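> Please see the structure below; I have some questions.
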Amino acid sequence: MKRYIYALVALALLSVEGLSAQMKTSYFMEGSYFRTEMNPALAPTRGYVAMPFVSGFDFGLSGNVLSVDNFVYQTDKGLVTALNGAVSSDEFLSRLPEIGLESLKADINLFGVGFYTGRMFWNFGTSMHVNGDIYLSKDIFRAVKSLGNGLYDLGNVGAELNAYMDAYVGTSIPIGKHVNVGVRAKFLVGLANASATFNQLQVNVTENGVVGTANGEWRGNAFMLDAASYNPDEGMESLINIDMDDPIAGAMALMKSIDSFGAALDLGAEARFFNDHLKVSAAVTDLGFIKWSAKSHLRGAVSGDFHYSGYDFETQELDAGGGFNTDNLIYEGVNDGYTSYLNWSINAGVEYNFLKNHFAVGLLSHTRFYRGTCTSELTASLNIRPVNWITLTASHTFLNKNRPGVFGAAINIHPRALNIFVGMDYIDPNLVYVNDSILVPRYAKSLNVYFGLGFNMARPKFMRQEQLARKAEKKAARKVARK
């Protein structure tokens with residue numbers, strides 16, 4: 001019985017899933033102002049005013065490990081978990097990468113404005129971002145599956161969390177009639193950063209329980225912390241040296257405590273061919289860093305042993321046998337800052353428009369670079385524009401073990417006054433019941449949901465002139481055809 005308790009404990013710890021996907025389904029939607037975040041050269045068809053909080057919300061989970069399909073198997077007896085004896089270790093482990101990566105992302109557009117001056121498009125605003133990554137060794141799953149006596153090396157495990165705000169200004173500049181280049185500069189304000197890495201995590205499984213050794217390090221930084229005020233006798237509360245009894249004074253003190261800053265750049269370009277039927281674009285986004293303050297820098301080591309004897313159902317007691325001991329949990333007197341780098345991305349797209357621009361097909365390559373590794377995906381999309389103020393998009397993302405049938409969908413309604421955008425990547429219609437009660441998607445390893453509500457400005461003068469010119473050409477062509 002204890003072996004199953006070990007497995008449940010391990011799976012519970014691993015179920016904290018972390019994301020970061022950009023809004024791939026929106027890349028080829030001409031009216032969406034979301035697309036400038038993936039390529040600053042891709043200007044929307046109208047200027048806009050993005051209202052606080054409701055104008056842009058993007059939440060995502062992504063990774064290469066945690067999907068139902070990796071842990072649930074179809075057998076003659078129905079669906080069983082990977083821990084079932086009917087599933088071999090080789091079959092289970094063959095579905096998993098050597099290094100698992102799970103990511104979490106939440107972006108909120110606090111305010112934004114976009115407008116045209118002549119043929120140039122400008123945008124500026126501010127937003128908040130939260131990114132988290134968890135790194136998992138394949139040996140963790142090997143140990144969970146085996147559940148046998150032996151020594152397991154579970155090293156290469158880590159996690160990182162970043163929270164920051166940015167203030168940005170961007171522009172899309174036409175070069176001739178068929179090329180646009182774009183740049184977005186960002187000033188970053190660091191709110192919180194935390195990371196933990198285990199370079200040694202060994203577990204010895206015996207009949208009497210689990211004995212382990214862990215060696216690693218962690219560090220943290222948050223704008224409201226004051227490392228110099230830390231008192232071991234008072235605990236973590238002593239790190240916040242701000243009087244919150246007076247809300248106004250406390251808020252001012254919190255604002256003054258922000259002293260971690262950074263910068264980032266987005267660079268992009270788009271070229272159009274064959275009377276704008278074929279479009280090719282590429283961009284690099286989030287090339288940047290945050291310099292974290294020494295004043296609020298905490299760090300420490302995790303170095304100790306632990307053992308776990310399991311749950312005794314007769315006595316209904318959890319025997320942790322002394323638990324987990326640590327040395328130097330917090331280093332005192334830290335007086336140095338450090339620099340963290342954003343997870344940057346490369347996006348490259350090809351789009352072909354046909355049937356008077358009412359239809360378009362697109363192919364987008366998205367590669368995201370993490371700490372020492374990267375993930376790549378290829379998204380194919382079909383865009384339908386029944387009128388010039390509505391775009392419907394359906395997409396499918398390949399690579400990174402994304403299964404057929406998992407698709408994305410979005411709609412953008414952008415008439416003269418409003419701009420409404422709703423989209424979702426990685427929609428999985430293949431739903432299955434787990435434990436006969438929980439309905440979950442079977443194949444999707446990621447999730448990305450985004451929503452935006454803004455107010456549109458009039459189309460720029462050059463677009464209206466081009467539209468009138470196209471109508472005049474069509475009218476003249478019809479007259480010639482009648483003759």
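Every chain in the structure tokens has a letter given in the order shown (A, B, ...), and although residue numbers restart at 1 in each chain, ligands are simply numbered from 1 in the order shown.
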Just want the 6 Å neighbourhood of range 111-126 of chain A, counted on only C-alpha atoms, with same-chain residues fewer than 4 positions away dropped. Output as a VMD selection string.
chain A and resid 47 to 52 166 to 173
> Enumerate as JSON, numbers by chain all residues of range 9-111 of chain A assigned to strand (DSSP E) by DSSP on the backbone, naming them with the chain letters and numbers the document uses.
{"A": [48, 49, 50, 57, 58, 59, 60, 61, 62, 63, 72, 73, 74, 75, 78, 79, 80, 81, 99, 100, 101, 102, 103, 104, 105, 106, 107, 108, 109, 110, 111]}
> Go ahead and dump the residues you just picked, N, CA, C and O atoms, as a compact mmCIF listing (two decimals), in the first residue's frame.

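After the write, result-v6.txt holds the following:
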# COMPACT_ATOMS: atom_id res chain seq x y z
N TYR A 48 -6.30 52.51 -32.07
CA TYR A 48 -7.15 51.99 -31.00
C TYR A 48 -6.81 52.66 -29.67
O TYR A 48 -5.74 53.25 -29.49
N VAL A 49 -7.74 52.55 -28.75
CA VAL A 49 -7.52 52.90 -27.35
C VAL A 49 -7.87 51.67 -26.53
O VAL A 49 -9.01 51.19 -26.57
N ALA A 50 -6.90 51.13 -25.82
CA ALA A 50 -7.09 49.92 -25.02
C ALA A 50 -7.39 50.32 -23.59
O ALA A 50 -6.56 50.94 -22.93
N PHE A 57 -6.12 40.51 -22.06
CA PHE A 57 -5.79 39.54 -21.02
C PHE A 57 -5.38 38.26 -21.71
O PHE A 57 -6.09 37.73 -22.57
N ASP A 58 -4.22 37.75 -21.34
CA ASP A 58 -3.67 36.55 -21.97
C ASP A 58 -3.17 35.62 -20.89
O ASP A 58 -2.32 36.00 -20.08
N PHE A 59 -3.71 34.42 -20.86
CA PHE A 59 -3.29 33.43 -19.87
C PHE A 59 -2.92 32.15 -20.59
O PHE A 59 -3.62 31.72 -21.51
N GLY A 60 -1.82 31.54 -20.21
CA GLY A 60 -1.40 30.34 -20.92
C GLY A 60 -0.66 29.36 -20.06
O GLY A 60 0.03 29.72 -19.10
N LEU A 61 -0.81 28.08 -20.40
CA LEU A 61 -0.04 26.98 -19.83
C LEU A 61 0.55 26.22 -21.00
O LEU A 61 -0.13 25.95 -21.99
N SER A 62 1.82 25.88 -20.92
CA SER A 62 2.42 25.13 -22.00
C SER A 62 3.51 24.23 -21.45
O SER A 62 4.05 24.49 -20.37
N GLY A 63 3.82 23.20 -22.18
CA GLY A 63 4.87 22.29 -21.74
C GLY A 63 4.95 21.08 -22.64
O GLY A 63 4.22 20.95 -23.63
N VAL A 72 -2.42 8.37 -19.12
CA VAL A 72 -3.59 7.51 -19.17
C VAL A 72 -3.52 6.68 -20.45
O VAL A 72 -3.26 7.22 -21.54
N TYR A 73 -3.78 5.37 -20.34
CA TYR A 73 -3.61 4.45 -21.46
C TYR A 73 -4.89 3.66 -21.69
O TYR A 73 -5.61 3.31 -20.73
N GLN A 74 -5.16 3.39 -22.96
CA GLN A 74 -6.30 2.57 -23.34
C GLN A 74 -5.88 1.10 -23.39
O GLN A 74 -4.96 0.74 -24.11
N THR A 75 -6.53 0.25 -22.61
CA THR A 75 -6.25 -1.19 -22.60
C THR A 75 -7.55 -1.96 -22.82
O THR A 75 -8.63 -1.36 -22.97
N GLY A 78 -10.16 -1.02 -20.44
CA GLY A 78 -10.53 0.39 -20.39
C GLY A 78 -9.33 1.28 -20.13
O GLY A 78 -8.17 0.87 -20.30
N LEU A 79 -9.59 2.52 -19.71
CA LEU A 79 -8.52 3.47 -19.43
C LEU A 79 -7.86 3.15 -18.09
O LEU A 79 -8.54 2.93 -17.09
N VAL A 80 -6.53 3.12 -18.10
CA VAL A 80 -5.77 2.90 -16.87
C VAL A 80 -4.67 3.95 -16.82
O VAL A 80 -4.29 4.53 -17.83
N THR A 81 -4.13 4.20 -15.62
CA THR A 81 -3.05 5.16 -15.46
C THR A 81 -1.72 4.50 -15.79
O THR A 81 -1.60 3.28 -15.90
N ILE A 99 14.26 16.09 -20.64
CA ILE A 99 14.08 17.22 -19.74
C ILE A 99 12.67 17.78 -19.96
O ILE A 99 12.35 18.25 -21.04
N GLY A 100 11.85 17.68 -18.94
CA GLY A 100 10.50 18.21 -19.04
C GLY A 100 10.48 19.68 -18.68
O GLY A 100 11.20 20.14 -17.79
N LEU A 101 9.66 20.44 -19.39
CA LEU A 101 9.55 21.87 -19.15
C LEU A 101 8.08 22.25 -19.15
O LEU A 101 7.35 21.98 -20.11
N GLU A 102 7.62 22.82 -18.06
CA GLU A 102 6.26 23.32 -17.94
C GLU A 102 6.31 24.80 -17.62
O GLU A 102 7.11 25.23 -16.77
N SER A 103 5.49 25.58 -18.28
CA SER A 103 5.55 27.03 -18.15
C SER A 103 4.18 27.63 -17.90
O SER A 103 3.16 27.10 -18.36
N LEU A 104 4.18 28.74 -17.20
CA LEU A 104 2.96 29.50 -16.89
C LEU A 104 3.17 30.94 -17.31
O LEU A 104 4.24 31.51 -17.11
N LYS A 105 2.12 31.53 -17.90
CA LYS A 105 2.21 32.93 -18.30
C LYS A 105 0.86 33.61 -18.09
O LYS A 105 -0.18 33.04 -18.40
N ALA A 106 0.90 34.82 -17.56
CA ALA A 106 -0.29 35.66 -17.47
C ALA A 106 0.12 37.09 -17.81
O ALA A 106 1.06 37.63 -17.21
N ASP A 107 -0.53 37.68 -18.80
CA ASP A 107 -0.25 39.04 -19.23
C ASP A 107 -1.53 39.86 -19.16
O ASP A 107 -2.58 39.42 -19.65
N ILE A 108 -1.45 41.03 -18.58
CA ILE A 108 -2.60 41.92 -18.48
C ILE A 108 -2.21 43.28 -19.05
O ILE A 108 -1.24 43.89 -18.60
N ASN A 109 -2.96 43.72 -20.04
CA ASN A 109 -2.72 45.03 -20.64
C ASN A 109 -3.40 46.08 -19.76
O ASN A 109 -4.62 46.14 -19.67
N LEU A 110 -2.61 46.91 -19.10
CA LEU A 110 -3.17 47.91 -18.20
C LEU A 110 -3.69 49.13 -18.96
O LEU A 110 -4.70 49.73 -18.57
N PHE A 111 -3.01 49.50 -20.03
CA PHE A 111 -3.45 50.63 -20.84
C PHE A 111 -2.65 50.63 -22.13
O PHE A 111 -1.48 50.23 -22.15
> Show me, as a tab-separated table, the residues of range 36-100 of chain A having an atom within 8 Å of range 266-285 of chain A, each with the closest atom pair and its distance in Å, using only C-alpha atoms.

residue	atom	partner	partner_atom	distance
A:Glu37	CA	A:Thr285	CA	7.9
A:Met38	CA	A:Thr285	CA	6.7
A:Asn39	CA	A:Gly268	CA	5.2
A:Pro40	CA	A:Gly268	CA	5.6
A:Ala41	CA	A:Ala269	CA	5.2
A:Leu42	CA	A:Glu270	CA	7.1
> Quick one: residues within 7 Å of Ser365 in chain A, only C-alpha atoms counted, chain neighbours fewer than 5 positions away excluded, as a list in words?
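In the requested format, the answer is Asn347, Ala348, Gly349, Glu377, Leu378 and Thr379 of chain A.
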> Convert the current residue selection to file output with C-alpha atoms, as a PDB file, in the first residue's frame.

ATOM      1  CA  ASN A 347       8.523  34.202 -34.881  1.00  0.00           C
ATOM      2  CA  ALA A 348       8.520  33.704 -38.655  1.00  0.00           C
ATOM      3  CA  GLY A 349       5.391  33.627 -40.798  1.00  0.00           C
ATOM      4  CA  GLU A 377       6.120  24.848 -32.816  1.00  0.00           C
ATOM      5  CA  LEU A 378       4.620  25.256 -36.284  1.00  0.00           C
ATOM      6  CA  THR A 379       1.087  26.651 -36.548  1.00  0.00           C
TER       7      THR A 379
END
> Which residues are near Arg403 in chain A? Cut-off 12 Å, only C-alpha atoms, ignore same chain within fewer than 2 positions. Put them as a ChimeraX atom specification.
/A:64,67,69-70,396-401,405-407,426-430,441-446
> Could you check how far CA of Val130 in chain A sits from CA of Tyr27 in chain A, in Å to one decimal?
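Interatomic distance here is 21.7 Å.
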> Can you work out which one of A:Ala394, A:Met165, A:Ile175, A:Ala380 has the shortest atom-to-atom distance to Phe261 in chain A, counting only C-alpha atoms?
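Of all the options, A:Met165 lies closest to Phe261 in chain A.
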